[in-house]
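Pasting my_file.txt here (compact mmCIF, N, CA and C atoms):
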```txt
# COMPACT_ATOMS: atom_id res chain seq x y z
N GLN A 7 0.85 -1.16 0.00
CA GLN A 7 0.00 0.00 0.00
C GLN A 7 0.89 1.23 0.00
N HIS A 8 0.59 2.14 -0.88
CA HIS A 8 1.45 3.29 -1.10
C HIS A 8 1.17 4.46 -0.14
N TYR A 9 2.24 5.05 0.38
CA TYR A 9 2.10 6.29 1.11
C TYR A 9 2.32 7.47 0.18
N LEU A 10 2.83 7.22 -1.01
CA LEU A 10 2.87 8.20 -2.10
C LEU A 10 1.99 7.64 -3.21
N PRO A 11 0.95 8.36 -3.61
CA PRO A 11 0.03 7.83 -4.63
C PRO A 11 0.76 7.49 -5.94
N VAL A 12 0.36 6.40 -6.55
CA VAL A 12 0.98 5.94 -7.80
C VAL A 12 0.85 7.01 -8.89
N PHE A 13 -0.31 7.66 -9.00
CA PHE A 13 -0.47 8.68 -10.05
C PHE A 13 0.54 9.80 -9.87
N TYR A 14 0.88 10.12 -8.63
CA TYR A 14 1.86 11.18 -8.36
C TYR A 14 3.27 10.71 -8.72
N LEU A 15 3.60 9.50 -8.34
CA LEU A 15 4.93 8.95 -8.65
C LEU A 15 5.17 8.88 -10.15
N LYS A 16 4.12 8.58 -10.91
CA LYS A 16 4.27 8.46 -12.37
C LYS A 16 4.77 9.75 -13.00
N GLY A 17 4.51 10.89 -12.36
CA GLY A 17 4.98 12.16 -12.88
C GLY A 17 6.50 12.32 -12.82
N PHE A 18 7.17 11.44 -12.10
CA PHE A 18 8.62 11.50 -11.96
C PHE A 18 9.33 10.39 -12.73
N THR A 19 8.59 9.65 -13.52
CA THR A 19 9.19 8.53 -14.24
C THR A 19 9.72 8.95 -15.60
N SER A 20 10.54 8.08 -16.14
CA SER A 20 10.95 8.25 -17.53
C SER A 20 9.80 7.77 -18.40
N GLN A 21 9.73 8.18 -19.61
CA GLN A 21 8.73 7.74 -20.59
C GLN A 21 7.29 8.08 -20.17
N GLY A 22 7.10 9.24 -19.57
CA GLY A 22 5.74 9.71 -19.28
C GLY A 22 4.88 8.80 -18.44
N GLY A 23 5.42 8.24 -17.39
CA GLY A 23 4.64 7.40 -16.50
C GLY A 23 4.72 5.92 -16.79
N ARG A 24 5.30 5.55 -17.89
CA ARG A 24 5.41 4.13 -18.23
C ARG A 24 6.79 3.57 -17.89
N GLY A 25 7.69 4.44 -17.47
CA GLY A 25 9.06 4.02 -17.23
C GLY A 25 9.37 3.77 -15.77
N LYS A 26 10.57 4.06 -15.41
CA LYS A 26 11.07 3.79 -14.06
C LYS A 26 11.42 5.09 -13.34
N LEU A 27 11.57 4.97 -12.03
CA LEU A 27 11.99 6.07 -11.18
C LEU A 27 13.45 5.85 -10.78
N PHE A 28 14.17 6.94 -10.64
CA PHE A 28 15.49 6.86 -10.04
C PHE A 28 15.30 6.90 -8.53
N VAL A 29 15.87 5.95 -7.83
CA VAL A 29 15.72 5.85 -6.37
C VAL A 29 17.11 5.92 -5.74
N PHE A 30 17.27 6.84 -4.79
CA PHE A 30 18.53 6.98 -4.07
C PHE A 30 18.45 6.13 -2.82
N HIS A 31 19.45 5.32 -2.60
CA HIS A 31 19.49 4.44 -1.43
C HIS A 31 20.27 5.13 -0.33
N ASN A 32 19.54 5.75 0.59
CA ASN A 32 20.15 6.51 1.67
C ASN A 32 21.04 5.60 2.51
N GLY A 33 22.20 6.07 2.85
CA GLY A 33 23.14 5.28 3.63
C GLY A 33 24.07 4.45 2.78
N HIS A 34 23.74 4.30 1.48
CA HIS A 34 24.58 3.53 0.58
C HIS A 34 25.17 4.39 -0.53
N SER A 35 24.62 5.58 -0.71
CA SER A 35 25.10 6.56 -1.70
C SER A 35 25.13 6.04 -3.13
N TYR A 36 24.07 5.39 -3.56
CA TYR A 36 23.95 5.00 -4.96
C TYR A 36 22.49 5.08 -5.40
N TRP A 37 22.30 5.14 -6.71
CA TRP A 37 20.98 5.25 -7.33
C TRP A 37 20.67 3.96 -8.08
N THR A 38 19.39 3.59 -8.11
CA THR A 38 18.92 2.50 -8.97
C THR A 38 17.62 2.95 -9.64
N MET A 39 17.20 2.20 -10.63
CA MET A 39 15.91 2.48 -11.28
C MET A 39 14.93 1.40 -10.85
N ARG A 40 13.74 1.84 -10.43
CA ARG A 40 12.72 0.90 -9.97
C ARG A 40 11.37 1.29 -10.53
N GLY A 41 10.50 0.30 -10.62
CA GLY A 41 9.14 0.53 -11.08
C GLY A 41 8.32 1.25 -10.01
N VAL A 42 7.30 1.98 -10.44
CA VAL A 42 6.46 2.77 -9.55
C VAL A 42 5.82 1.90 -8.46
N ARG A 43 5.43 0.71 -8.79
CA ARG A 43 4.73 -0.15 -7.82
C ARG A 43 5.61 -0.53 -6.63
N SER A 44 6.94 -0.44 -6.78
CA SER A 44 7.83 -0.85 -5.69
C SER A 44 8.42 0.33 -4.92
N VAL A 45 7.92 1.54 -5.16
CA VAL A 45 8.45 2.74 -4.51
C VAL A 45 7.36 3.40 -3.68
N GLY A 46 7.73 3.91 -2.51
CA GLY A 46 6.78 4.65 -1.68
C GLY A 46 5.66 3.79 -1.15
N ALA A 47 5.97 2.55 -0.79
CA ALA A 47 4.93 1.63 -0.33
C ALA A 47 5.42 0.80 0.84
N MET A 48 4.47 0.38 1.66
CA MET A 48 4.73 -0.54 2.77
C MET A 48 3.57 -1.52 2.84
N PRO A 49 3.86 -2.79 3.11
CA PRO A 49 2.76 -3.76 3.24
C PRO A 49 1.82 -3.40 4.39
N HIS A 50 0.54 -3.46 4.14
CA HIS A 50 -0.52 -3.26 5.14
C HIS A 50 -0.40 -1.92 5.88
N LEU A 51 0.08 -0.90 5.19
CA LEU A 51 0.23 0.41 5.80
C LEU A 51 -1.10 0.97 6.30
N HIS A 52 -2.15 0.81 5.49
CA HIS A 52 -3.46 1.34 5.85
C HIS A 52 -4.46 0.22 6.13
N SER A 53 -3.99 -0.95 6.43
CA SER A 53 -4.87 -2.10 6.66
C SER A 53 -4.51 -2.77 7.99
N PRO A 54 -5.07 -2.26 9.08
CA PRO A 54 -4.74 -2.85 10.38
C PRO A 54 -5.32 -4.26 10.53
N VAL A 55 -4.69 -5.01 11.39
CA VAL A 55 -5.19 -6.35 11.70
C VAL A 55 -6.15 -6.22 12.88
N ARG A 56 -7.35 -6.77 12.68
CA ARG A 56 -8.37 -6.72 13.73
C ARG A 56 -8.03 -7.73 14.83
N PRO A 57 -8.68 -7.59 15.99
CA PRO A 57 -8.42 -8.53 17.09
C PRO A 57 -8.66 -9.99 16.71
N ASP A 58 -9.56 -10.23 15.72
CA ASP A 58 -9.83 -11.61 15.30
C ASP A 58 -8.79 -12.13 14.31
N GLY A 59 -7.79 -11.30 13.98
CA GLY A 59 -6.72 -11.72 13.08
C GLY A 59 -6.94 -11.40 11.62
N GLN A 60 -8.12 -10.92 11.26
CA GLN A 60 -8.42 -10.57 9.88
C GLN A 60 -7.88 -9.17 9.55
N VAL A 61 -7.42 -8.99 8.33
CA VAL A 61 -6.93 -7.68 7.89
C VAL A 61 -8.14 -6.84 7.46
N ASP A 62 -8.19 -5.60 7.95
CA ASP A 62 -9.29 -4.69 7.64
C ASP A 62 -8.84 -3.74 6.54
N TYR A 63 -9.40 -3.88 5.34
CA TYR A 63 -9.01 -3.10 4.17
C TYR A 63 -9.87 -1.86 3.96
N ARG A 64 -10.77 -1.53 4.87
CA ARG A 64 -11.69 -0.41 4.65
C ARG A 64 -10.97 0.93 4.46
N ILE A 65 -9.97 1.21 5.26
CA ILE A 65 -9.24 2.48 5.12
C ILE A 65 -8.54 2.53 3.77
N GLU A 66 -7.87 1.45 3.39
CA GLU A 66 -7.17 1.41 2.11
C GLU A 66 -8.14 1.57 0.95
N GLU A 67 -9.30 0.96 1.03
CA GLU A 67 -10.30 1.09 -0.04
C GLU A 67 -10.79 2.54 -0.16
N MET A 68 -11.00 3.21 0.97
CA MET A 68 -11.43 4.60 0.96
C MET A 68 -10.33 5.49 0.36
N LEU A 69 -9.09 5.30 0.78
CA LEU A 69 -7.99 6.09 0.23
C LEU A 69 -7.81 5.84 -1.26
N SER A 70 -8.00 4.63 -1.68
CA SER A 70 -7.89 4.30 -3.10
C SER A 70 -8.93 5.05 -3.93
N ARG A 71 -10.17 5.10 -3.43
CA ARG A 71 -11.22 5.85 -4.13
C ARG A 71 -10.88 7.34 -4.19
N LEU A 72 -10.41 7.90 -3.09
CA LEU A 72 -10.04 9.32 -3.06
C LEU A 72 -8.89 9.61 -4.03
N GLU A 73 -7.89 8.75 -4.05
CA GLU A 73 -6.76 8.94 -4.95
C GLU A 73 -7.19 8.85 -6.41
N SER A 74 -8.11 7.96 -6.71
CA SER A 74 -8.61 7.84 -8.08
C SER A 74 -9.30 9.12 -8.52
N GLU A 75 -10.12 9.68 -7.64
CA GLU A 75 -10.80 10.94 -7.96
C GLU A 75 -9.80 12.09 -8.07
N PHE A 76 -8.86 12.14 -7.16
CA PHE A 76 -7.90 13.24 -7.17
C PHE A 76 -6.95 13.15 -8.36
N SER A 77 -6.65 11.96 -8.83
CA SER A 77 -5.73 11.83 -9.98
C SER A 77 -6.30 12.53 -11.22
N VAL A 78 -7.62 12.51 -11.37
CA VAL A 78 -8.27 13.21 -12.49
C VAL A 78 -8.08 14.72 -12.34
N VAL A 79 -8.30 15.23 -11.12
CA VAL A 79 -8.14 16.66 -10.85
C VAL A 79 -6.67 17.06 -11.06
N HIS A 80 -5.78 16.27 -10.55
CA HIS A 80 -4.34 16.53 -10.69
C HIS A 80 -3.95 16.63 -12.16
N SER A 81 -4.42 15.71 -12.97
CA SER A 81 -4.11 15.73 -14.41
C SER A 81 -4.65 16.99 -15.08
N LYS A 82 -5.87 17.37 -14.73
CA LYS A 82 -6.46 18.57 -15.31
C LYS A 82 -5.69 19.83 -14.91
N VAL A 83 -5.30 19.91 -13.66
CA VAL A 83 -4.54 21.08 -13.20
C VAL A 83 -3.22 21.17 -13.95
N LEU A 84 -2.52 20.05 -14.08
CA LEU A 84 -1.24 20.06 -14.80
C LEU A 84 -1.41 20.43 -16.27
N ALA A 85 -2.54 20.05 -16.85
CA ALA A 85 -2.79 20.35 -18.27
C ALA A 85 -3.40 21.74 -18.47
N GLY A 86 -3.72 22.44 -17.38
CA GLY A 86 -4.33 23.76 -17.49
C GLY A 86 -5.79 23.71 -17.90
N GLU A 87 -6.45 22.59 -17.68
CA GLU A 87 -7.86 22.43 -18.03
C GLU A 87 -8.75 22.93 -16.90
N PRO A 88 -9.95 23.41 -17.22
CA PRO A 88 -10.85 23.88 -16.16
C PRO A 88 -11.40 22.71 -15.33
N LEU A 89 -11.70 22.99 -14.09
CA LEU A 89 -12.28 21.98 -13.20
C LEU A 89 -13.77 22.18 -13.08
N SER A 90 -14.49 21.11 -12.89
CA SER A 90 -15.93 21.21 -12.65
C SER A 90 -16.13 21.74 -11.22
N THR A 91 -17.36 22.12 -10.92
CA THR A 91 -17.67 22.62 -9.58
C THR A 91 -17.35 21.55 -8.52
N ASP A 92 -17.69 20.31 -8.78
CA ASP A 92 -17.39 19.23 -7.83
C ASP A 92 -15.89 19.04 -7.66
N GLU A 93 -15.15 19.18 -8.74
CA GLU A 93 -13.70 19.00 -8.65
C GLU A 93 -13.01 20.13 -7.91
N GLU A 94 -13.60 21.33 -7.93
CA GLU A 94 -13.01 22.45 -7.22
C GLU A 94 -13.13 22.30 -5.71
N ILE A 95 -14.10 21.56 -5.27
CA ILE A 95 -14.31 21.35 -3.83
C ILE A 95 -13.35 20.33 -3.38
```
For this file, produce the structure as C-alpha cells.
Amino acid sequence: QHYLPVFYLKGFTSQGGRGKLFVFHNGHSYWTMRGVRSVGAMPHLHSPVRPDGQVDYRIEEMLSRLESEFSVVHSKVLAGEPLSTDEEI
C-alpha cells in the first residue's frame, strides 16, 4: 500500500509514467531504477489487523477511491484544463 500515490509517482518517471523512477538508497550513496509499484509503499500500511486476526481493508479502499478521484483533478490542473464545480471542492 502506497504512502505516495501511484499517479503522483508516475509524474517523476521516464517515458511519461510508463518508465522507471530513479531511487537513491540513503546510507549507501547509490541510485537504482525501480518501477512505480515498488516505490513509496509498505505492506498493510493502511490495513490494520483486527483482534480476530483478519486484515481490515476499509481504510485502504477509501484512500484508493479518493486517490482515483484526485488523480483526475491533478491531471487537469497540470494540463491547465478547467475543473468542474465538484472538482473544485
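Using all atoms listed in the file, the residues found no farther than 8 Å from range 18-21 of chain A, other than those of its own chain fewer than 6 positions away, are Leu27, Phe28 and Val42 of chain A.
Separating CA of Leu89 in chain A from CA of Arg71 in chain A is a distance of 18.5 Å.
We find CA of Lys26 in chain A and CA of Val83 in chain A to be spaced 23.3 Å apart.
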For CA of Tyr14 in chain A and atom C of Val61 in chain A, the interatomic separation in Å (one decimal): 26.0 Å
DSSP helix (DSSP H, G or I) residues within chain A, listed as a ChimeraX atom specification: /A:12-18,42-44,64-85,91-94
Will you model N, CA, C and O atoms for range 61-78 of chain A and pass it back as a short mmCIF file (atom, residue, chain, number, x, y, z; two decimals), keeping the file's coordinate frame?
```cif
data_model
loop_
_atom_site.label_atom_id
_atom_site.label_comp_id
_atom_site.auth_asym_id
_atom_site.auth_seq_id
_atom_site.Cartn_x
_atom_site.Cartn_y
_atom_site.Cartn_z
N VAL A 61 -7.42 -8.99 8.33
CA VAL A 61 -6.93 -7.68 7.89
C VAL A 61 -8.14 -6.84 7.46
O VAL A 61 -9.00 -7.30 6.73
N ASP A 62 -8.19 -5.60 7.95
CA ASP A 62 -9.29 -4.69 7.64
C ASP A 62 -8.84 -3.74 6.54
O ASP A 62 -8.01 -2.87 6.75
N TYR A 63 -9.40 -3.88 5.34
CA TYR A 63 -9.01 -3.10 4.17
C TYR A 63 -9.87 -1.86 3.96
O TYR A 63 -9.70 -1.17 2.96
N ARG A 64 -10.77 -1.53 4.87
CA ARG A 64 -11.69 -0.41 4.65
C ARG A 64 -10.97 0.93 4.46
O ARG A 64 -11.33 1.71 3.59
N ILE A 65 -9.97 1.21 5.26
CA ILE A 65 -9.24 2.48 5.12
C ILE A 65 -8.54 2.53 3.77
O ILE A 65 -8.59 3.53 3.06
N GLU A 66 -7.87 1.45 3.39
CA GLU A 66 -7.17 1.41 2.11
C GLU A 66 -8.14 1.57 0.95
O GLU A 66 -7.85 2.28 -0.02
N GLU A 67 -9.30 0.96 1.03
CA GLU A 67 -10.30 1.09 -0.04
C GLU A 67 -10.79 2.54 -0.16
O GLU A 67 -10.94 3.06 -1.26
N MET A 68 -11.00 3.21 0.97
CA MET A 68 -11.43 4.60 0.96
C MET A 68 -10.33 5.49 0.36
O MET A 68 -10.61 6.34 -0.50
N LEU A 69 -9.09 5.30 0.78
CA LEU A 69 -7.99 6.09 0.23
C LEU A 69 -7.81 5.84 -1.26
O LEU A 69 -7.52 6.77 -2.02
N SER A 70 -8.00 4.63 -1.68
CA SER A 70 -7.89 4.30 -3.10
C SER A 70 -8.93 5.05 -3.93
O SER A 70 -8.62 5.58 -5.00
N ARG A 71 -10.17 5.10 -3.43
CA ARG A 71 -11.22 5.85 -4.13
C ARG A 71 -10.88 7.34 -4.19
O ARG A 71 -11.03 7.97 -5.24
N LEU A 72 -10.41 7.90 -3.09
CA LEU A 72 -10.04 9.32 -3.06
C LEU A 72 -8.89 9.61 -4.03
O LEU A 72 -8.90 10.61 -4.74
N GLU A 73 -7.89 8.75 -4.05
CA GLU A 73 -6.76 8.94 -4.95
C GLU A 73 -7.19 8.85 -6.41
O GLU A 73 -6.69 9.59 -7.26
N SER A 74 -8.11 7.96 -6.71
CA SER A 74 -8.61 7.84 -8.08
C SER A 74 -9.30 9.12 -8.52
O SER A 74 -9.08 9.61 -9.62
N GLU A 75 -10.12 9.68 -7.64
CA GLU A 75 -10.80 10.94 -7.96
C GLU A 75 -9.80 12.09 -8.07
O GLU A 75 -9.88 12.90 -8.98
N PHE A 76 -8.86 12.14 -7.16
CA PHE A 76 -7.90 13.24 -7.17
C PHE A 76 -6.95 13.15 -8.36
O PHE A 76 -6.50 14.18 -8.87
N SER A 77 -6.65 11.96 -8.83
CA SER A 77 -5.73 11.83 -9.98
C SER A 77 -6.30 12.53 -11.22
O SER A 77 -5.55 13.12 -12.00
N VAL A 78 -7.62 12.51 -11.37
CA VAL A 78 -8.27 13.21 -12.49
C VAL A 78 -8.08 14.72 -12.34
O VAL A 78 -7.70 15.41 -13.29
#
```
